[in-house]
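The structure file protein-v6.cif is reproduced below (mmCIF, C-alpha atoms and all ligand atoms).
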```cif
data_target
#
loop_
_atom_site.label_atom_id
_atom_site.label_comp_id
_atom_site.auth_asym_id
_atom_site.auth_seq_id
_atom_site.Cartn_x
_atom_site.Cartn_y
_atom_site.Cartn_z
CA MET A 260 -6.87 8.04 -19.04
CA ARG A 261 -6.15 11.44 -17.54
CA VAL A 262 -6.16 11.77 -13.73
CA PHE A 263 -6.15 15.12 -11.94
CA SER A 264 -6.50 16.16 -8.30
CA GLY A 265 -5.60 19.20 -6.22
CA ILE A 266 -4.68 19.62 -2.59
CA GLN A 267 -4.47 22.79 -0.48
CA ALA A 268 -1.09 24.14 0.52
CA THR A 269 -2.10 25.50 3.91
CA GLY A 270 -2.93 23.52 7.01
CA GLU A 271 -1.13 20.43 8.19
CA LYS A 272 -2.22 17.32 6.39
CA HIS A 273 -4.22 14.86 8.45
CA ILE A 274 -5.18 11.23 8.20
CA GLY A 275 -8.44 12.27 6.48
CA ASN A 276 -6.45 13.87 3.66
CA TYR A 277 -4.27 10.76 3.48
CA ILE A 278 -7.09 8.20 3.45
CA GLY A 279 -9.59 10.24 1.44
CA ALA A 280 -7.18 11.51 -1.16
CA MET A 281 -3.39 11.08 -0.99
CA ARG A 282 -3.27 7.29 -0.95
CA ASN A 283 -5.56 7.27 -3.99
CA TYR A 284 -3.21 9.61 -5.83
CA VAL A 285 -0.55 6.95 -5.34
CA VAL A 286 -2.82 4.24 -6.76
CA THR A 287 -4.10 6.27 -9.70
CA GLN A 288 -0.63 7.36 -10.83
CA ASP A 289 -0.36 3.84 -12.23
CA GLU A 290 -3.82 3.84 -13.79
CA GLY A 291 -3.36 6.78 -16.12
CA ASP A 292 -1.52 9.95 -17.01
CA ALA A 293 -1.74 11.62 -13.61
CA PHE A 294 -1.42 15.30 -12.64
CA PHE A 295 -1.44 16.38 -9.01
CA CYS A 296 -1.53 20.03 -8.15
CA ILE A 297 -0.73 21.82 -4.91
CA VAL A 298 -3.45 24.43 -5.15
CA ASP A 299 -1.64 27.35 -3.56
CA LEU A 300 -3.92 29.91 -5.25
CA HIS A 301 -6.85 28.38 -3.36
CA SER A 302 -5.05 28.84 -0.06
CA ILE A 303 -5.40 32.63 -0.03
CA THR A 304 -9.21 32.54 0.05
CA VAL A 305 -9.26 32.34 3.86
CA ASP A 306 -7.18 34.16 6.45
CA TYR A 307 -3.59 32.91 6.11
CA ASP A 308 0.00 33.81 6.87
CA PRO A 309 2.27 34.38 3.80
CA GLN A 310 5.33 32.78 5.42
CA ASP A 311 3.18 29.83 6.43
CA LEU A 312 1.88 29.43 2.88
CA HIS A 313 5.45 29.49 1.58
CA ASP A 314 6.75 26.89 4.03
CA ARG A 315 3.71 24.63 3.94
CA THR A 316 3.81 24.50 0.16
CA LEU A 317 7.28 22.97 0.26
CA ASP A 318 6.29 20.76 3.22
CA LEU A 319 3.37 19.41 1.24
CA ALA A 320 5.46 18.75 -1.87
CA ALA A 321 7.90 16.73 0.27
CA LEU A 322 5.00 14.91 1.94
CA LEU A 323 3.36 13.97 -1.35
CA PHE A 324 6.60 12.46 -2.64
CA ALA A 325 7.06 10.77 0.75
CA VAL A 326 3.66 9.04 0.63
CA GLY A 327 4.54 7.59 -2.75
CA LEU A 328 4.04 10.01 -5.62
CA ASP A 329 6.82 9.24 -8.06
CA PRO A 330 8.04 12.04 -10.35
CA GLU A 331 8.72 9.36 -12.98
CA ARG A 332 5.10 8.16 -12.92
CA CYS A 333 3.10 11.35 -12.35
CA THR A 334 3.32 15.13 -12.55
CA LEU A 335 3.30 17.15 -9.34
CA PHE A 336 3.28 20.92 -9.66
CA LEU A 337 2.26 24.17 -7.99
CA GLN A 338 -0.88 25.84 -9.30
CA SER A 339 0.72 29.31 -9.20
CA HIS A 340 3.50 28.10 -11.53
CA VAL A 341 0.96 27.57 -14.31
CA PRO A 342 -0.81 30.87 -15.13
CA ALA A 343 -3.42 29.01 -17.21
CA HIS A 344 -5.23 28.16 -13.95
CA ALA A 345 -5.88 31.78 -13.01
CA GLU A 346 -6.83 32.60 -16.59
CA ALA A 347 -9.24 29.67 -16.87
CA ALA A 348 -10.92 30.70 -13.62
CA TRP A 349 -11.75 34.12 -15.03
CA LEU A 350 -12.91 32.77 -18.38
CA LEU A 351 -15.06 30.04 -16.85
CA SER A 352 -16.68 32.47 -14.43
CA ALA A 353 -18.69 33.58 -17.48
CA VAL A 354 -20.46 30.21 -17.54
CA THR A 355 -20.80 29.72 -13.77
CA GLY A 356 -24.02 30.68 -12.06
CA PHE A 357 -23.91 33.03 -9.09
CA GLY A 358 -26.77 31.06 -7.53
CA GLN A 359 -24.96 27.75 -7.81
CA LEU A 360 -21.84 29.18 -6.14
CA GLY A 361 -23.98 30.48 -3.30
CA ARG A 362 -25.27 26.94 -2.66
CA MET A 363 -21.80 25.48 -2.04
CA THR A 364 -21.78 24.09 1.49
CA GLN A 365 -18.04 24.67 1.93
CA PHE A 366 -18.56 28.36 1.19
CA LYS A 367 -21.33 28.53 3.76
CA GLU A 368 -19.36 26.60 6.39
CA LYS A 369 -16.07 28.45 5.95
CA GLY A 370 -17.74 31.86 5.71
CA GLU A 371 -20.14 31.40 8.61
CA GLY A 372 -19.61 33.78 11.51
CA LYS A 373 -16.56 35.40 9.90
CA GLU A 374 -16.21 39.16 10.00
CA PHE A 375 -14.51 39.17 6.58
CA VAL A 376 -15.43 36.72 3.81
CA SER A 377 -13.28 37.09 0.69
CA ALA A 378 -14.74 37.12 -2.81
CA GLY A 379 -12.17 34.39 -3.51
CA LEU A 380 -13.89 32.04 -1.05
CA PHE A 381 -17.06 32.46 -3.09
CA THR A 382 -15.46 31.98 -6.53
CA TYR A 383 -13.01 29.25 -5.43
CA PRO A 384 -15.03 26.42 -7.04
CA VAL A 385 -14.62 28.10 -10.47
CA LEU A 386 -10.85 28.03 -10.03
CA MET A 387 -11.18 24.37 -9.09
CA ALA A 388 -13.33 23.66 -12.15
CA GLY A 389 -10.63 25.24 -14.32
CA ASP A 390 -7.91 23.20 -12.59
CA ILE A 391 -9.66 20.02 -13.57
CA LEU A 392 -10.99 20.96 -17.02
CA LEU A 393 -7.70 22.37 -18.35
CA TYR A 394 -6.27 18.86 -18.33
CA GLN A 395 -9.17 17.14 -20.16
CA THR A 396 -9.51 15.06 -17.03
CA ASP A 397 -11.32 11.71 -16.91
CA ILE A 398 -11.16 11.02 -13.19
CA VAL A 399 -10.63 13.12 -10.06
CA PRO A 400 -9.67 11.13 -6.94
CA VAL A 401 -11.03 13.11 -3.95
CA GLY A 402 -12.75 12.74 -0.60
CA ASP A 403 -16.48 12.91 -0.13
CA ASP A 404 -16.47 16.62 0.86
CA GLN A 405 -15.58 17.52 -2.75
CA ARG A 406 -18.69 15.96 -4.36
CA GLN A 407 -20.48 19.27 -4.75
CA HIS A 408 -17.44 21.00 -6.25
CA ILE A 409 -16.94 18.17 -8.76
CA GLU A 410 -20.60 18.43 -9.72
CA LEU A 411 -20.10 22.15 -10.32
CA ALA A 412 -17.04 21.47 -12.52
CA ARG A 413 -19.15 19.08 -14.59
CA ASP A 414 -21.94 21.64 -14.92
CA VAL A 415 -19.47 24.33 -15.99
CA ALA A 416 -17.99 22.00 -18.62
CA GLU A 417 -21.41 21.08 -19.97
CA ARG A 418 -22.56 24.70 -20.10
CA PHE A 419 -19.38 25.75 -21.89
CA ASN A 420 -19.60 22.85 -24.36
CA SER A 421 -23.20 23.61 -25.24
CA ARG A 422 -22.63 27.36 -25.54
CA TYR A 423 -19.28 27.43 -27.35
CA GLY A 424 -18.93 23.94 -28.85
CA GLU A 425 -17.43 20.71 -27.61
CA THR A 426 -14.27 21.69 -25.69
CA PHE A 427 -14.05 19.83 -22.39
CA LYS A 428 -14.19 16.23 -21.33
CA ILE A 429 -16.74 15.78 -18.55
CA PRO A 430 -14.73 14.64 -15.51
CA ARG A 431 -15.87 12.07 -12.98
CA GLY A 432 -15.09 12.15 -9.25
CA VAL A 433 -13.82 8.91 -7.73
CA PHE A 434 -14.34 8.47 -4.03
CA PRO A 435 -12.79 5.77 -1.85
CA GLU A 436 -15.10 2.94 -0.79
CA VAL A 437 -13.69 3.04 2.72
CA GLY A 438 -12.61 6.33 4.29
CA ALA A 439 -14.21 8.85 1.93
CA ARG A 440 -15.06 10.97 4.97
CA ILE A 441 -12.85 10.48 8.00
CA MET A 442 -14.42 12.03 11.07
CA ASP A 443 -12.93 14.05 13.92
CA LEU A 444 -11.95 11.67 16.73
CA GLN A 445 -13.40 13.98 19.39
CA GLU A 446 -16.54 14.95 17.47
CA PRO A 447 -17.21 11.94 15.24
CA THR A 448 -20.23 13.47 13.55
CA LYS A 449 -17.98 16.16 12.02
CA LYS A 450 -15.44 15.74 9.23
CA MET A 451 -11.81 15.70 10.36
CA SER A 452 -10.35 19.05 9.35
CA THR A 453 -7.54 21.36 10.37
CA THR A 454 -9.79 24.40 10.14
CA GLY A 455 -13.15 23.13 11.38
CA GLY A 456 -12.21 20.28 13.74
CA THR A 457 -10.61 19.79 17.15
CA ALA A 458 -6.82 19.58 17.56
CA GLN A 459 -7.03 16.46 19.73
CA GLY A 460 -9.40 14.80 17.26
CA THR A 461 -7.23 15.49 14.21
CA VAL A 462 -4.40 13.04 13.58
CA LEU A 463 -1.67 14.63 11.49
CA VAL A 464 0.41 12.57 9.09
CA LEU A 465 3.52 14.05 10.72
CA ASP A 466 2.42 13.62 14.35
CA ALA A 467 4.95 11.81 16.56
CA PRO A 468 4.06 8.16 17.40
CA ASP A 469 3.13 8.89 21.02
CA VAL A 470 0.90 11.79 19.92
CA ILE A 471 -0.87 9.54 17.40
CA ARG A 472 -1.44 6.81 19.99
CA LYS A 473 -2.74 9.33 22.52
CA LYS A 474 -5.19 10.87 20.06
CA PHE A 475 -6.63 7.44 19.31
CA LYS A 476 -6.67 6.42 23.00
CA THR A 477 -8.78 9.47 23.83
CA ALA A 478 -11.14 9.10 20.85
CA VAL A 479 -14.81 9.56 21.64
CA THR A 480 -16.90 6.41 21.15
CA ASP A 481 -20.28 5.57 22.71
CA SER A 482 -21.71 3.91 25.79
CA GLY A 483 -22.03 0.49 24.10
CA ARG A 484 -19.49 -2.34 24.12
CA ASP A 485 -19.60 -4.11 20.75
CA VAL A 486 -17.15 -3.25 18.02
CA ARG A 487 -19.57 -2.98 15.14
CA TYR A 488 -19.60 -0.92 11.95
CA ALA A 489 -22.75 1.23 11.96
CA PRO A 490 -21.88 4.84 11.02
CA GLY A 491 -25.32 6.31 11.81
CA GLU A 492 -25.65 4.66 15.19
CA LYS A 493 -21.98 4.38 16.24
CA PRO A 494 -20.07 7.13 14.42
CA GLY A 495 -16.97 7.10 16.64
CA VAL A 496 -16.43 3.34 16.59
CA SER A 497 -17.23 3.12 12.86
CA ASN A 498 -14.69 5.84 12.11
CA LEU A 499 -12.02 3.92 14.05
CA ILE A 500 -12.93 0.72 12.19
CA GLU A 501 -12.59 2.49 8.83
CA ILE A 502 -9.19 3.90 9.77
CA LEU A 503 -8.02 0.49 11.01
CA SER A 504 -9.30 -1.14 7.83
CA VAL A 505 -7.23 1.18 5.64
CA ALA A 506 -4.16 1.24 7.88
CA SER A 507 -3.99 -2.55 8.26
CA GLY A 508 -5.48 -3.58 4.90
CA THR A 509 -8.15 -5.68 6.66
CA PRO A 510 -11.76 -5.69 5.40
CA ILE A 511 -14.35 -4.23 7.79
CA PRO A 512 -16.26 -7.51 8.48
CA ALA A 513 -12.98 -9.25 9.40
CA ILE A 514 -12.19 -6.44 11.85
CA GLU A 515 -15.64 -6.70 13.43
CA SER A 516 -15.33 -10.43 14.01
CA SER A 517 -11.79 -10.16 15.36
CA TYR A 518 -13.13 -8.05 18.25
CA ASP A 519 -15.63 -10.62 19.48
CA GLY A 520 -15.32 -10.45 23.26
CA ARG A 521 -12.95 -7.48 23.17
CA GLY A 522 -13.82 -3.84 23.80
CA TYR A 523 -13.21 -0.30 22.59
CA GLY A 524 -9.96 0.03 24.56
CA ASP A 525 -8.34 -2.71 22.45
CA LEU A 526 -9.69 -1.18 19.26
CA LYS A 527 -8.29 2.26 20.08
CA GLY A 528 -4.88 0.78 20.93
CA ASP A 529 -4.78 -1.27 17.74
CA VAL A 530 -5.77 1.64 15.47
CA GLY A 531 -3.08 3.80 17.07
CA ASP A 532 -0.44 1.11 16.50
CA ALA A 533 -1.54 0.48 12.91
CA VAL A 534 -1.41 4.17 12.05
CA VAL A 535 2.01 4.61 13.67
CA GLU A 536 3.25 1.70 11.57
CA LEU A 537 1.68 3.13 8.40
CA PHE A 538 3.04 6.65 8.86
CA GLY A 539 6.50 5.73 10.24
CA PRO A 540 8.25 5.07 6.90
CA MET A 541 6.51 8.09 5.30
CA GLN A 542 7.73 10.35 8.10
CA GLU A 543 11.30 9.15 7.57
CA ARG A 544 11.15 9.76 3.82
CA TYR A 545 9.53 13.14 4.42
CA ALA A 546 12.42 14.28 6.65
CA GLU A 547 14.97 13.33 3.98
CA LEU A 548 13.06 14.95 1.11
CA ARG A 549 12.28 18.15 3.01
CA ALA A 550 15.96 18.60 3.88
CA ASP A 551 16.86 18.94 0.19
CA GLU A 552 14.89 22.00 -0.85
CA GLY A 553 16.91 22.44 -4.05
CA GLU A 554 15.84 19.03 -5.31
CA LEU A 555 12.21 19.66 -4.30
CA ARG A 556 12.17 22.91 -6.26
CA ARG A 557 13.76 21.17 -9.24
CA LEU A 558 11.07 18.48 -9.26
CA LEU A 559 8.31 21.10 -8.99
CA HIS A 560 9.90 23.01 -11.85
CA VAL A 561 9.89 19.92 -14.07
CA GLY A 562 6.26 19.28 -13.07
CA ALA A 563 5.21 22.84 -13.92
CA ASP A 564 6.84 22.62 -17.37
CA LYS A 565 4.84 19.49 -18.14
CA ALA A 566 1.61 21.00 -16.72
CA ARG A 567 2.03 24.20 -18.76
CA GLU A 568 2.62 22.23 -21.92
CA THR A 569 -0.37 19.93 -21.29
CA SER A 570 -2.86 22.65 -20.36
CA ALA A 571 -1.86 25.16 -23.06
CA PRO A 572 -3.90 23.72 -25.97
CA THR A 573 -7.10 23.65 -23.90
CA LEU A 574 -6.58 27.22 -22.68
CA GLU A 575 -6.03 28.32 -26.26
CA GLN A 576 -9.24 26.57 -27.34
CA ILE A 577 -11.18 28.31 -24.57
CA TYR A 578 -9.96 31.72 -25.76
CA GLU A 579 -10.66 30.95 -29.41
CA ARG A 580 -14.12 29.50 -28.86
CA MET A 581 -15.07 32.45 -26.70
CA GLY A 582 -14.20 34.82 -29.53
CA PHE A 583 -10.98 36.42 -28.35
CA VAL A 584 -8.52 37.76 -30.93
CA ARG A 585 -5.34 35.83 -30.25
CA PRO A 586 -1.89 37.41 -30.51
N1 LIG B 601 -11.93 14.24 6.66
C1 LIG B 601 -11.65 13.86 5.43
N2 LIG B 601 -11.88 12.59 5.04
C2 LIG B 601 -11.59 12.18 3.78
N3 LIG B 601 -11.04 12.98 2.85
C3 LIG B 601 -10.79 14.27 3.20
N4 LIG B 601 -10.25 15.30 2.52
C4 LIG B 601 -10.22 16.40 3.32
N5 LIG B 601 -10.71 16.08 4.54
C5 LIG B 601 -11.07 14.78 4.48
C6 LIG B 601 -9.78 15.23 1.14
O1 LIG B 601 -8.42 15.63 1.10
C7 LIG B 601 -8.16 16.22 -0.17
C8 LIG B 601 -7.36 17.46 0.00
O2 LIG B 601 -8.03 18.31 0.81
P1 LIG B 601 -7.61 19.80 0.93
O3 LIG B 601 -6.31 19.91 1.59
O4 LIG B 601 -7.80 20.49 -0.32
O5 LIG B 601 -8.74 20.04 1.81
P2 LIG B 601 -9.43 20.58 2.81
O6 LIG B 601 -10.79 20.02 2.68
O7 LIG B 601 -9.20 22.02 2.68
O8 LIG B 601 -8.63 20.02 4.11
P3 LIG B 601 -9.12 20.15 5.53
O9 LIG B 601 -8.02 20.13 6.52
O10 LIG B 601 -10.17 19.12 5.70
O11 LIG B 601 -9.61 21.59 5.63
P4 LIG B 601 -10.99 22.22 5.49
O12 LIG B 601 -11.97 21.45 6.28
O13 LIG B 601 -10.68 23.55 6.03
O14 LIG B 601 -11.36 22.33 4.04
C9 LIG B 601 -9.50 16.43 -0.86
O15 LIG B 601 -9.64 15.45 -1.86
C10 LIG B 601 -10.51 16.22 0.24
O16 LIG B 601 -11.70 15.65 -0.25
#
```
Full structure transcribed into structure tokens:
Amino acid sequence: MRVFSGIQATGEKHIGNYIGAMRNYVVTQDEGDAFFCIVDLHSITVDYDPQDLHDRTLDLAALLFAVGLDPERCTLFLQSHVPAHAEAAWLLSAVTGFGQLGRMTQFKEKGEGKEFVSAGLFTYPVLMAGDILLYQTDIVPVGDDQRQHIELARDVAERFNSRYGETFKIPRGVFPEVGARIMDLQEPTKKMSTTGGTAQGTVLVLDAPDVIRKKFKTAVTDSGRDVRYAPGEKPGVSNLIEILSVASGTPIPAIESSYDGRGYGDLKGDVGDAVVELFGPMQERYAELRADEGELRRLLHVGADKARETSAPTLEQIYERMGFVRP
């Protein structure tokens, strides 16, 4: 089974990225032939700083190894190291509808109110479709916010297959049962995000322990008292319960009953402690891995070689089926 998922190079990674995606990369690397891609080409679609992109790319590579990706069991690479991704995006744009791209909620949200909206922000989902389809992917572990983009990748694959002949496997998104959409701690009806959320409500994987505890202590809840999982009615408390469930490995009903007679203050303290405990060892490994940039670059180089080799036959098929004269 082929597994593929991509993650943006810009922005500091938060607990939503970890729970919604990164921890599932670690699990799926043992379930199939897994490819994980730092999608640096995607990162230039919004305003960004080149030095920041450069540094964050290496930070993220170190972080992904630190959370448990193993270069012996999966392939981690940079999108820009494999030119097939940019080529596939152009070729697949021929079978992507303008109207469908315009309906992407992420495009609307990220473009809203901006003086300058890049064409890349609009066409980004085609690049993402190519990322996935080039690897004949079976499953894509992602958070809930990527549902619409996965659907578009499937539509693109189906349209290409019916127009040019069977070429792509139709990929399937897999979303975590708990934590598919971690919410901002200060505005719990909004997704946690480094671009669209609040700083105080966004817990970064590399935040210091006291910062993590403080962010949870000041989390917005509601005027009730009972620790109960009801996302519609109690979004703040339910979000904390989901995070605690993942961080401590305790099922949600067991968490609810363990708070009989105890209040939100205890819950906030316990989530903070559980997350500090979860991230502590990762932060230590991250510091070691990030200090050895030569080794990081070597691992990314090995990953890119494997990704180039694996995606090449599909790219060639795309060109041939579309009628290009090959060299
Ligand atoms: N809040 C979230 N809860 C669960 N999963 C999430 N993901 C993102 N936010 C949440 C998942 O993380 C993976 C990688 O995301 P990315 O770095 O490509 O995503 P992003 O969506 O750009 O990250 P941000 O910080 O949330 O930025 P914005 O809001 O600007 O896009 C994906 O699998 C994603 O589903």
Excluding segment 307-314 of chain A and any residue of its chain fewer than 4 positions from it, enumerate the residues within 8 Å of it, using only C-alpha atoms, and give them as JSON, numbers by chain.
{"A": [268, 269, 299, 302, 303, 318]}
Which protein, DNA or RNA residues are at most 8 Å from (-17.2, 24.9, -7.3) in the file's coordinates when you count only C-alpha atoms, listed as JSON, numbers by chain?
{"A": [360, 363, 382, 383, 384, 385, 386, 387, 388, 407, 408, 409, 410, 411, 412]}
Using all atoms listed in the file, find each protein or nucleic acid residue lying at most 7 Å from ligand LIG 601 (chain B); present the set as a PyMOL selection string.
chain A and resi 265-268+270+272-273+275-280+400-405+438-442+450-455
Measuring between only C-alpha atoms, which one of A:Leu322, A:Val286, A:Val535, A:Val298 shows the shortest distance to Asp469 of chain A?
A:Val535
Which residues, written as an mmCIF file with C-alpha atoms, in the coordinates of the input, have at least one atom at most 9 Å from Gln542 of chain A, with all atoms listed in the file counted and residues fewer than 5 positions away on the same chain left out?
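Output file part28.cif is given in full below:
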```cif
data_model
loop_
_atom_site.group_PDB
_atom_site.id
_atom_site.type_symbol
_atom_site.label_atom_id
_atom_site.label_comp_id
_atom_site.auth_asym_id
_atom_site.auth_seq_id
_atom_site.Cartn_x
_atom_site.Cartn_y
_atom_site.Cartn_z
ATOM 1 C CA LEU A 322 5.000 14.910 1.940
ATOM 2 C CA ALA A 325 7.060 10.770 0.750
ATOM 3 C CA VAL A 326 3.660 9.040 0.630
ATOM 4 C CA VAL A 464 0.410 12.570 9.090
ATOM 5 C CA LEU A 465 3.520 14.050 10.720
ATOM 6 C CA ASP A 466 2.420 13.620 14.350
ATOM 7 C CA GLU A 547 14.970 13.330 3.980
#
```
Could you pull the residues within 12 Å of Tyr578 of chain A, counting only C-alpha atoms, minus those fewer than 2 positions along the same chain, as a list in words?
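Selected residues are Ala343, Glu346, Ala347, Trp349, Leu350, Leu351, Phe419, Tyr423, Thr426, Ala571, Pro572, Thr573, Leu574, Glu575, Gln576, Arg580, Met581, Gly582, Phe583, Val584, Arg585 and Pro586 of chain A.
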Write out as a ChimeraX atom specification each polymer residue whose atoms come within 10 Å of segment 494-507 of chain A, counting all atoms listed in the file; drop sequence neighbours fewer than 4 positions from it.
/A:274-275,278,282,436-449,475,478-481,483-490,511-515,523,526-527,529-538
Quick one: distance from atom CA of Gln395 of chain A to atom CA of Val341 of chain A in Å, one decimal?
15.7 Å
Find the distance between atom CA of Leu328 of chain A and atom CA of Ala546 of chain A and write it in Å to one decimal.
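Computed distance, atom CA of Leu328 of chain A to atom CA of Ala546 of chain A, equals 15.5 Å.
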Contacts of Thr334 of chain A at 7 Å or less, counting all atoms listed in the file, minus same-chain residues fewer than 2 places along, as a ChimeraX atom specification?
/A:293-295,330,336,562
From the list A:Val285, A:Val433, A:Leu555, A:Leu393, which residue is nearest Arg332 of chain A when using all atoms listed in the file?
A:Val285
When you draw a straight line from atom CA of Asp414 of chain A to atom CA of Met260 of chain A, how long is it in Å?
20.7 Å
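Distance annotation: of A:Ala467, A:Val376, A:Val415, A:Val354, the residue with the minimal separation from Ile429 of chain A is A:Val415; atom set is only C-alpha atoms.
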Which of A:Ala321, A:Pro468, A:Ala345, A:Leu335 sits closest to Gly553 of chain A [using all atoms listed in the file]:
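Nearest to Gly553 of chain A: A:Ala321.
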Listed atoms of segment 409-426 of chain A, axis-aligned box, 6 Å per side: centre and edge lengths to one decimal in Å, as lines of an AutoDock Vina configuration file?
```
center_x = -18.7
center_y = 22.8
center_z = -18.8
size_x = 20.9
size_y = 21.3
size_z = 32.1
```
Which is closest to Lys565 of chain A among A:Tyr394, A:Asn420, A:Leu323, A:Asp289, if we use all atoms listed in the file?
A:Tyr394
